[in-house]
$ cat query27.pdb   # PDB, C-alpha atoms, pLDDT in the B column
MODEL        1
ATOM      1  CA  MET A   1       0.000   0.000   0.000  1.00 36.00           C
ATOM      2  CA  ALA A   2       2.981   2.308  -0.248  1.00 40.00           C
ATOM      3  CA  GLY A   3       1.398   4.235  -3.104  1.00 41.00           C
ATOM      4  CA  ALA A   4      -1.803   4.870  -1.140  1.00 49.00           C
ATOM      5  CA  THR A   5      -0.386   7.549   1.146  1.00 52.00           C
ATOM      6  CA  THR A   6      -2.355  10.782   1.110  1.00 56.00           C
ATOM      7  CA  ASN A   7      -0.407  13.985   0.571  1.00 63.00           C
ATOM      8  CA  MET A   8      -2.611  16.261   2.586  1.00 72.00           C
ATOM      9  CA  ALA A   9      -5.161  15.986   5.353  1.00 81.00           C
ATOM     10  CA  VAL A  10      -8.852  16.151   4.586  1.00 85.00           C
ATOM     11  CA  ARG A  11     -11.650  17.457   6.728  1.00 88.00           C
ATOM     12  CA  LEU A  12     -13.103  14.428   8.501  1.00 90.00           C
ATOM     13  CA  LEU A  13     -16.172  16.033  10.019  1.00 86.00           C
ATOM     14  CA  ALA A  14     -18.002  19.208   9.187  1.00 83.00           C
ATOM     15  CA  LYS A  15     -20.735  20.830  11.201  1.00 81.00           C
ATOM     16  CA  ASP A  16     -24.055  21.639   9.594  1.00 83.00           C
ATOM     17  CA  GLU A  17     -24.718  25.126  10.943  1.00 80.00           C
ATOM     18  CA  ALA A  18     -28.491  24.762  10.488  1.00 88.00           C
ATOM     19  CA  THR A  19     -28.808  21.574  12.569  1.00 85.00           C
ATOM     20  CA  SER A  20     -25.584  21.712  14.653  1.00 78.00           C
ATOM     21  CA  ASN A  21     -24.945  18.093  13.626  1.00 83.00           C
ATOM     22  CA  TYR A  22     -21.574  16.782  12.504  1.00 84.00           C
ATOM     23  CA  SER A  23     -21.241  14.542   9.473  1.00 89.00           C
ATOM     24  CA  VAL A  24     -18.407  12.778   7.677  1.00 92.00           C
ATOM     25  CA  THR A  25     -17.333  14.697   4.587  1.00 93.00           C
ATOM     26  CA  PRO A  26     -17.390  13.108   1.115  1.00 95.00           C
ATOM     27  CA  GLU A  27     -13.594  13.607   0.895  1.00 92.00           C
ATOM     28  CA  ALA A  28     -13.060  11.645   4.111  1.00 92.00           C
ATOM     29  CA  LYS A  29     -15.383   8.845   2.945  1.00 93.00           C
ATOM     30  CA  ALA A  30     -13.394   8.554  -0.288  1.00 93.00           C
ATOM     31  CA  MET A  31     -10.086   8.567   1.593  1.00 89.00           C
ATOM     32  CA  PHE A  32     -11.182   5.813   3.990  1.00 90.00           C
ATOM     33  CA  ALA A  33     -12.726   3.738   1.177  1.00 93.00           C
ATOM     34  CA  ARG A  34      -9.229   3.296  -0.285  1.00 90.00           C
ATOM     35  CA  PHE A  35      -8.225   1.426   2.890  1.00 91.00           C
ATOM     36  CA  ALA A  36     -11.331  -0.756   3.303  1.00 91.00           C
ATOM     37  CA  GLY A  37     -10.702  -4.009   5.153  1.00 93.00           C
ATOM     38  CA  GLN A  38      -7.553  -2.798   6.897  1.00 95.00           C
ATOM     39  CA  ILE A  39      -7.027  -2.595  10.657  1.00 95.00           C
ATOM     40  CA  VAL A  40      -7.172   1.030  11.736  1.00 94.00           C
ATOM     41  CA  HIS A  41      -5.051   2.702  14.427  1.00 94.00           C
ATOM     42  CA  VAL A  42      -6.047   6.266  15.318  1.00 93.00           C
ATOM     43  CA  VAL A  43      -3.792   8.914  16.865  1.00 89.00           C
ATOM     44  CA  SER A  44      -5.850  11.874  18.017  1.00 88.00           C
ATOM     45  CA  ILE A  45      -4.529  15.178  19.318  1.00 84.00           C
ATOM     46  CA  LEU A  46      -6.389  17.728  21.389  1.00 81.00           C
ATOM     47  CA  GLY A  47      -5.346  20.883  23.183  1.00 77.00           C
ATOM     48  CA  PRO A  48      -5.682  24.648  23.267  1.00 75.00           C
ATOM     49  CA  ALA A  49      -5.814  26.662  20.050  1.00 72.00           C
ATOM     50  CA  ARG A  50      -2.408  27.561  18.610  1.00 67.00           C
ATOM     51  CA  SER A  51      -0.521  25.079  20.800  1.00 70.00           C
ATOM     52  CA  GLY A  52       1.189  23.329  17.875  1.00 73.00           C
ATOM     53  CA  LYS A  53      -1.116  20.315  17.408  1.00 78.00           C
ATOM     54  CA  SER A  54      -0.940  20.359  13.598  1.00 75.00           C
ATOM     55  CA  TYR A  55       2.808  20.912  13.627  1.00 79.00           C
ATOM     56  CA  LEU A  56       3.350  18.014  16.053  1.00 77.00           C
ATOM     57  CA  LEU A  57       1.293  15.612  13.930  1.00 75.00           C
ATOM     58  CA  ASN A  58       3.191  16.655  10.801  1.00 73.00           C
ATOM     59  CA  ARG A  59       6.468  15.934  12.593  1.00 78.00           C
ATOM     60  CA  LEU A  60       5.228  12.588  13.967  1.00 77.00           C
ATOM     61  CA  PHE A  61       4.360  11.578  10.395  1.00 74.00           C
ATOM     62  CA  GLY A  62       7.774  12.753   9.210  1.00 73.00           C
ATOM     63  CA  ARG A  63       6.228  15.447   7.018  1.00 69.00           C
ATOM     64  CA  GLN A  64       6.975  19.101   6.458  1.00 64.00           C
ATOM     65  CA  SER A  65       3.332  19.682   5.591  1.00 63.00           C
ATOM     66  CA  GLY A  66       0.083  17.765   5.564  1.00 59.00           C
ATOM     67  CA  PHE A  67      -1.983  19.379   8.260  1.00 58.00           C
ATOM     68  CA  ALA A  68      -2.271  23.087   7.526  1.00 57.00           C
ATOM     69  CA  LEU A  69      -0.338  25.353   9.860  1.00 54.00           C
ATOM     70  CA  GLY A  70      -1.580  28.739  11.032  1.00 54.00           C
ATOM     71  CA  SER A  71       0.305  31.695  12.385  1.00 51.00           C
ATOM     72  CA  LEU A  72       0.736  32.538  16.048  1.00 50.00           C
ATOM     73  CA  VAL A  73      -2.252  34.867  15.743  1.00 47.00           C
ATOM     74  CA  ALA A  74      -4.812  32.926  13.719  1.00 48.00           C
ATOM     75  CA  SER A  75      -5.671  29.287  14.280  1.00 50.00           C
ATOM     76  CA  CYS A  76      -6.052  27.201  11.148  1.00 52.00           C
ATOM     77  CA  THR A  77      -7.894  23.981  12.041  1.00 53.00           C
ATOM     78  CA  LYS A  78     -11.703  23.928  12.170  1.00 64.00           C
ATOM     79  CA  ASP A  79     -13.592  20.829  13.313  1.00 72.00           C
ATOM     80  CA  ILE A  80     -11.626  17.565  12.841  1.00 84.00           C
ATOM     81  CA  TRP A  81      -9.174  16.759  10.029  1.00 84.00           C
ATOM     82  CA  ALA A  82      -7.724  13.349   9.177  1.00 86.00           C
ATOM     83  CA  TRP A  83      -4.684  11.944   7.472  1.00 84.00           C
ATOM     84  CA  ILE A  84      -4.368   8.247   6.705  1.00 86.00           C
ATOM     85  CA  GLU A  85      -1.476   6.144   5.481  1.00 85.00           C
ATOM     86  CA  PRO A  86      -0.192   2.590   5.759  1.00 88.00           C
ATOM     87  CA  PHE A  87       1.162   1.771   9.214  1.00 89.00           C
ATOM     88  CA  PRO A  88       4.951   1.496   8.933  1.00 86.00           C
ATOM     89  CA  GLY A  89       6.025  -2.124   9.272  1.00 90.00           C
ATOM     90  CA  LEU A  90       2.530  -3.595   9.693  1.00 92.00           C
ATOM     91  CA  GLN A  91       0.968  -4.917   6.512  1.00 93.00           C
ATOM     92  CA  GLY A  92      -2.829  -4.652   6.514  1.00 94.00           C
ATOM     93  CA  HIS A  93      -2.819  -1.869   9.094  1.00 95.00           C
ATOM     94  CA  VAL A  94      -3.335   1.859   8.565  1.00 93.00           C
ATOM     95  CA  LEU A  95      -2.484   4.805  10.755  1.00 89.00           C
ATOM     96  CA  VAL A  96      -4.961   7.668  10.999  1.00 90.00           C
ATOM     97  CA  ALA A  97      -3.985  10.999  12.521  1.00 87.00           C
ATOM     98  CA  LEU A  98      -6.790  13.253  13.722  1.00 88.00           C
ATOM     99  CA  ASP A  99      -6.148  16.959  14.145  1.00 85.00           C
ATOM    100  CA  THR A 100      -8.707  19.012  16.044  1.00 81.00           C
ATOM    101  CA  GLU A 101      -9.469  22.667  16.488  1.00 73.00           C
ATOM    102  CA  GLY A 102      -8.383  24.125  19.809  1.00 69.00           C
ATOM    103  CA  LEU A 103     -10.375  23.509  22.964  1.00 67.00           C
ATOM    104  CA  ASP A 104     -10.555  27.229  23.543  1.00 63.00           C
ATOM    105  CA  ALA A 105     -11.452  28.085  19.955  1.00 55.00           C
ATOM    106  CA  ALA A 106     -14.655  29.716  21.262  1.00 49.00           C
ATOM    107  CA  ILE A 107     -12.580  32.332  23.032  1.00 45.00           C
ATOM    108  CA  ASN A 108     -10.760  32.991  19.781  1.00 43.00           C
ATOM    109  CA  GLY A 109     -13.698  33.630  17.477  1.00 44.00           C
ATOM    110  CA  ASN A 110     -15.388  30.250  17.041  1.00 46.00           C
ATOM    111  CA  THR A 111     -19.087  30.811  17.662  1.00 48.00           C
ATOM    112  CA  ASP A 112     -19.767  27.181  18.655  1.00 49.00           C
ATOM    113  CA  GLY A 113     -18.582  27.909  22.175  1.00 48.00           C
ATOM    114  CA  ALA A 114     -17.904  25.257  24.773  1.00 49.00           C
ATOM    115  CA  THR A 115     -20.527  22.953  23.240  1.00 55.00           C
ATOM    116  CA  GLY A 116     -18.522  22.733  20.020  1.00 60.00           C
ATOM    117  CA  ASP A 117     -15.355  22.158  22.041  1.00 64.00           C
ATOM    118  CA  GLN A 118     -16.979  19.309  23.948  1.00 72.00           C
ATOM    119  CA  CYS A 119     -18.380  17.658  20.804  1.00 78.00           C
ATOM    120  CA  ILE A 120     -14.974  17.706  19.158  1.00 78.00           C
ATOM    121  CA  ALA A 121     -13.287  16.412  22.331  1.00 77.00           C
ATOM    122  CA  VAL A 122     -15.777  13.540  22.741  1.00 81.00           C
ATOM    123  CA  ILE A 123     -15.510  12.506  19.075  1.00 84.00           C
ATOM    124  CA  SER A 124     -11.721  12.726  19.215  1.00 82.00           C
ATOM    125  CA  LEU A 125     -11.534  10.606  22.377  1.00 84.00           C
ATOM    126  CA  ALA A 126     -14.056   8.071  21.072  1.00 87.00           C
ATOM    127  CA  LEU A 127     -12.098   7.442  17.880  1.00 89.00           C
ATOM    128  CA  ALA A 128      -8.607   7.379  19.405  1.00 89.00           C
ATOM    129  CA  SER A 129      -6.397   4.347  19.844  1.00 91.00           C
ATOM    130  CA  LEU A 130      -3.796   6.781  21.176  1.00 89.00           C
ATOM    131  CA  PHE A 131      -4.726  10.194  22.546  1.00 85.00           C
ATOM    132  CA  ILE A 132      -2.306  13.120  22.832  1.00 84.00           C
ATOM    133  CA  PHE A 133      -3.073  16.245  24.830  1.00 82.00           C
ATOM    134  CA  ASN A 134      -0.789  18.987  23.586  1.00 77.00           C
ATOM    135  CA  THR A 135      -0.178  22.280  25.330  1.00 73.00           C
ATOM    136  CA  MET A 136       2.574  24.863  25.303  1.00 70.00           C
ATOM    137  CA  ARG A 137       2.461  25.396  29.063  1.00 71.00           C
ATOM    138  CA  THR A 138       1.530  23.375  32.100  1.00 74.00           C
ATOM    139  CA  ILE A 139      -1.950  21.924  31.953  1.00 72.00           C
ATOM    140  CA  ASP A 140      -4.297  24.202  33.890  1.00 74.00           C
ATOM    141  CA  ALA A 141      -7.541  23.478  35.739  1.00 77.00           C
ATOM    142  CA  SER A 142      -9.837  24.667  32.930  1.00 71.00           C
ATOM    143  CA  GLN A 143      -8.154  22.277  30.477  1.00 70.00           C
ATOM    144  CA  THR A 144      -8.441  19.301  32.828  1.00 74.00           C
ATOM    145  CA  ASP A 145     -12.069  20.220  33.534  1.00 73.00           C
ATOM    146  CA  ARG A 146     -12.852  20.138  29.795  1.00 66.00           C
ATOM    147  CA  LEU A 147     -11.070  16.820  29.335  1.00 69.00           C
ATOM    148  CA  GLN A 148     -12.777  15.349  32.388  1.00 74.00           C
ATOM    149  CA  CYS A 149     -16.169  16.477  31.115  1.00 66.00           C
ATOM    150  CA  ALA A 150     -15.465  15.001  27.669  1.00 60.00           C
ATOM    151  CA  ALA A 151     -14.283  11.727  29.216  1.00 66.00           C
ATOM    152  CA  TYR A 152     -17.402  11.615  31.416  1.00 67.00           C
ATOM    153  CA  LEU A 153     -19.666  12.118  28.375  1.00 60.00           C
ATOM    154  CA  PHE A 154     -17.800   9.374  26.526  1.00 58.00           C
ATOM    155  CA  ASP A 155     -17.935   6.968  29.449  1.00 59.00           C
TER     156      ASP A 155
ENDMDL
END
$ encode --input "query27.pdb" --output "structure tokens"
Amino acid sequence: MAGATTNMAVRLLAKDEATSNYSVTPEAKAMFARFAGQIVHVVSILGPARSGKSYLLNRLFGRQSGFALGSLVASCTKDIWAWIEPFPGLQGHVLVALDTEGLDAAINGNTDGATGDQCIAVISLALASLFIFNTMRTIDASQTDRLQCAAYLFD
């Protein structure tokens, strides 16, 4: 499956603003269809906006690009994006990286507020084989509260 690697991430889920429901995008369906029948391993990253989540996933995949990178001022990721490729050294397995918008995106202009943050956190946790919480500083009480709430909803 070496030739099946995707070059760029695609938006996995998009929110319908009229209904507030999330749905899988046609691009993500097409991407996953190419790997039908394979065992899937999901690495999901969550953390505050502009904490380097996209950059870290690009580096973990050994890429210079893939997940779009924003500036220090403007965050780039909205909703959940995915990148899929064959799992190195494991035939019949694929590795999926999920990049999420920041937990505090509501503070930074996202109108979905904490509800949107929680939906993205719950979906990200539910899909993850491996979960990474990324932050540029020490984890504070508001971040642990959000993660605890998301974990409680998932449980």
$ atom_distance --input "query27.pdb" --atom1 "CA of Lys53 (chain A)" --atom2 "CA of Asn134 (chain A)"
6.3 Å
$ atom_distance --input "query27.pdb" --atom1 "CA of Arg34 (chain A)" --atom2 "CA of Ser129 (chain A)"
20.4 Å
$ resolve_selection --input "query27.pdb" --expression "the PyMOL selection byres ((chain A and resi 9-17) around 6)" --output "JSON list (two decimals) with C-alpha atoms, keeping the file's coordinate frame"
[["chain", "number", "residue", "atom", "x", "y", "z"],
["A", 8, "MET", "CA", -2.61, 16.26, 2.59],
["A", 18, "ALA", "CA", -28.49, 24.76, 10.49],
["A", 19, "THR", "CA", -28.81, 21.57, 12.57],
["A", 20, "SER", "CA", -25.58, 21.71, 14.65],
["A", 21, "ASN", "CA", -24.94, 18.09, 13.63],
["A", 22, "TYR", "CA", -21.57, 16.78, 12.50],
["A", 23, "SER", "CA", -21.24, 14.54, 9.47],
["A", 24, "VAL", "CA", -18.41, 12.78, 7.68],
["A", 25, "THR", "CA", -17.33, 14.70, 4.59],
["A", 28, "ALA", "CA", -13.06, 11.64, 4.11],
["A", 66, "GLY", "CA", 0.08, 17.76, 5.56],
["A", 67, "PHE", "CA", -1.98, 19.38, 8.26],
["A", 80, "ILE", "CA", -11.63, 17.57, 12.84],
["A", 81, "TRP", "CA", -9.17, 16.76, 10.03],
["A", 82, "ALA", "CA", -7.72, 13.35, 9.18],
["A", 83, "TRP", "CA", -4.68, 11.94, 7.47]]
$ residues_near_point --input "query27.pdb" --point "(-4.2, 4.3, 15.6)" --cutoff "12 Å" --atoms "only C-alpha atoms" --output "number ranges by chain"
A: 38-45, 82-88, 90, 93-98, 124-132
$ resolve_selection --input "query27.pdb" --expression "the PyMOL selection byres ((chain A and resi 137) around 12)" --output "number ranges by chain"
A: 47-48, 50-52, 133-136, 138-140, 143
$ closest_residue --input "query27.pdb" --among "A:Gln91, A:Gln118, A:Thr100, A:Asn58" --to "Gln148 (chain A)" --atoms "only C-alpha atoms"
A:Gln118
$ atom_distance --input "query27.pdb" --atom1 "CA of Phe61 (chain A)" --atom2 "CA of Phe32 (chain A)"
17.8 Å
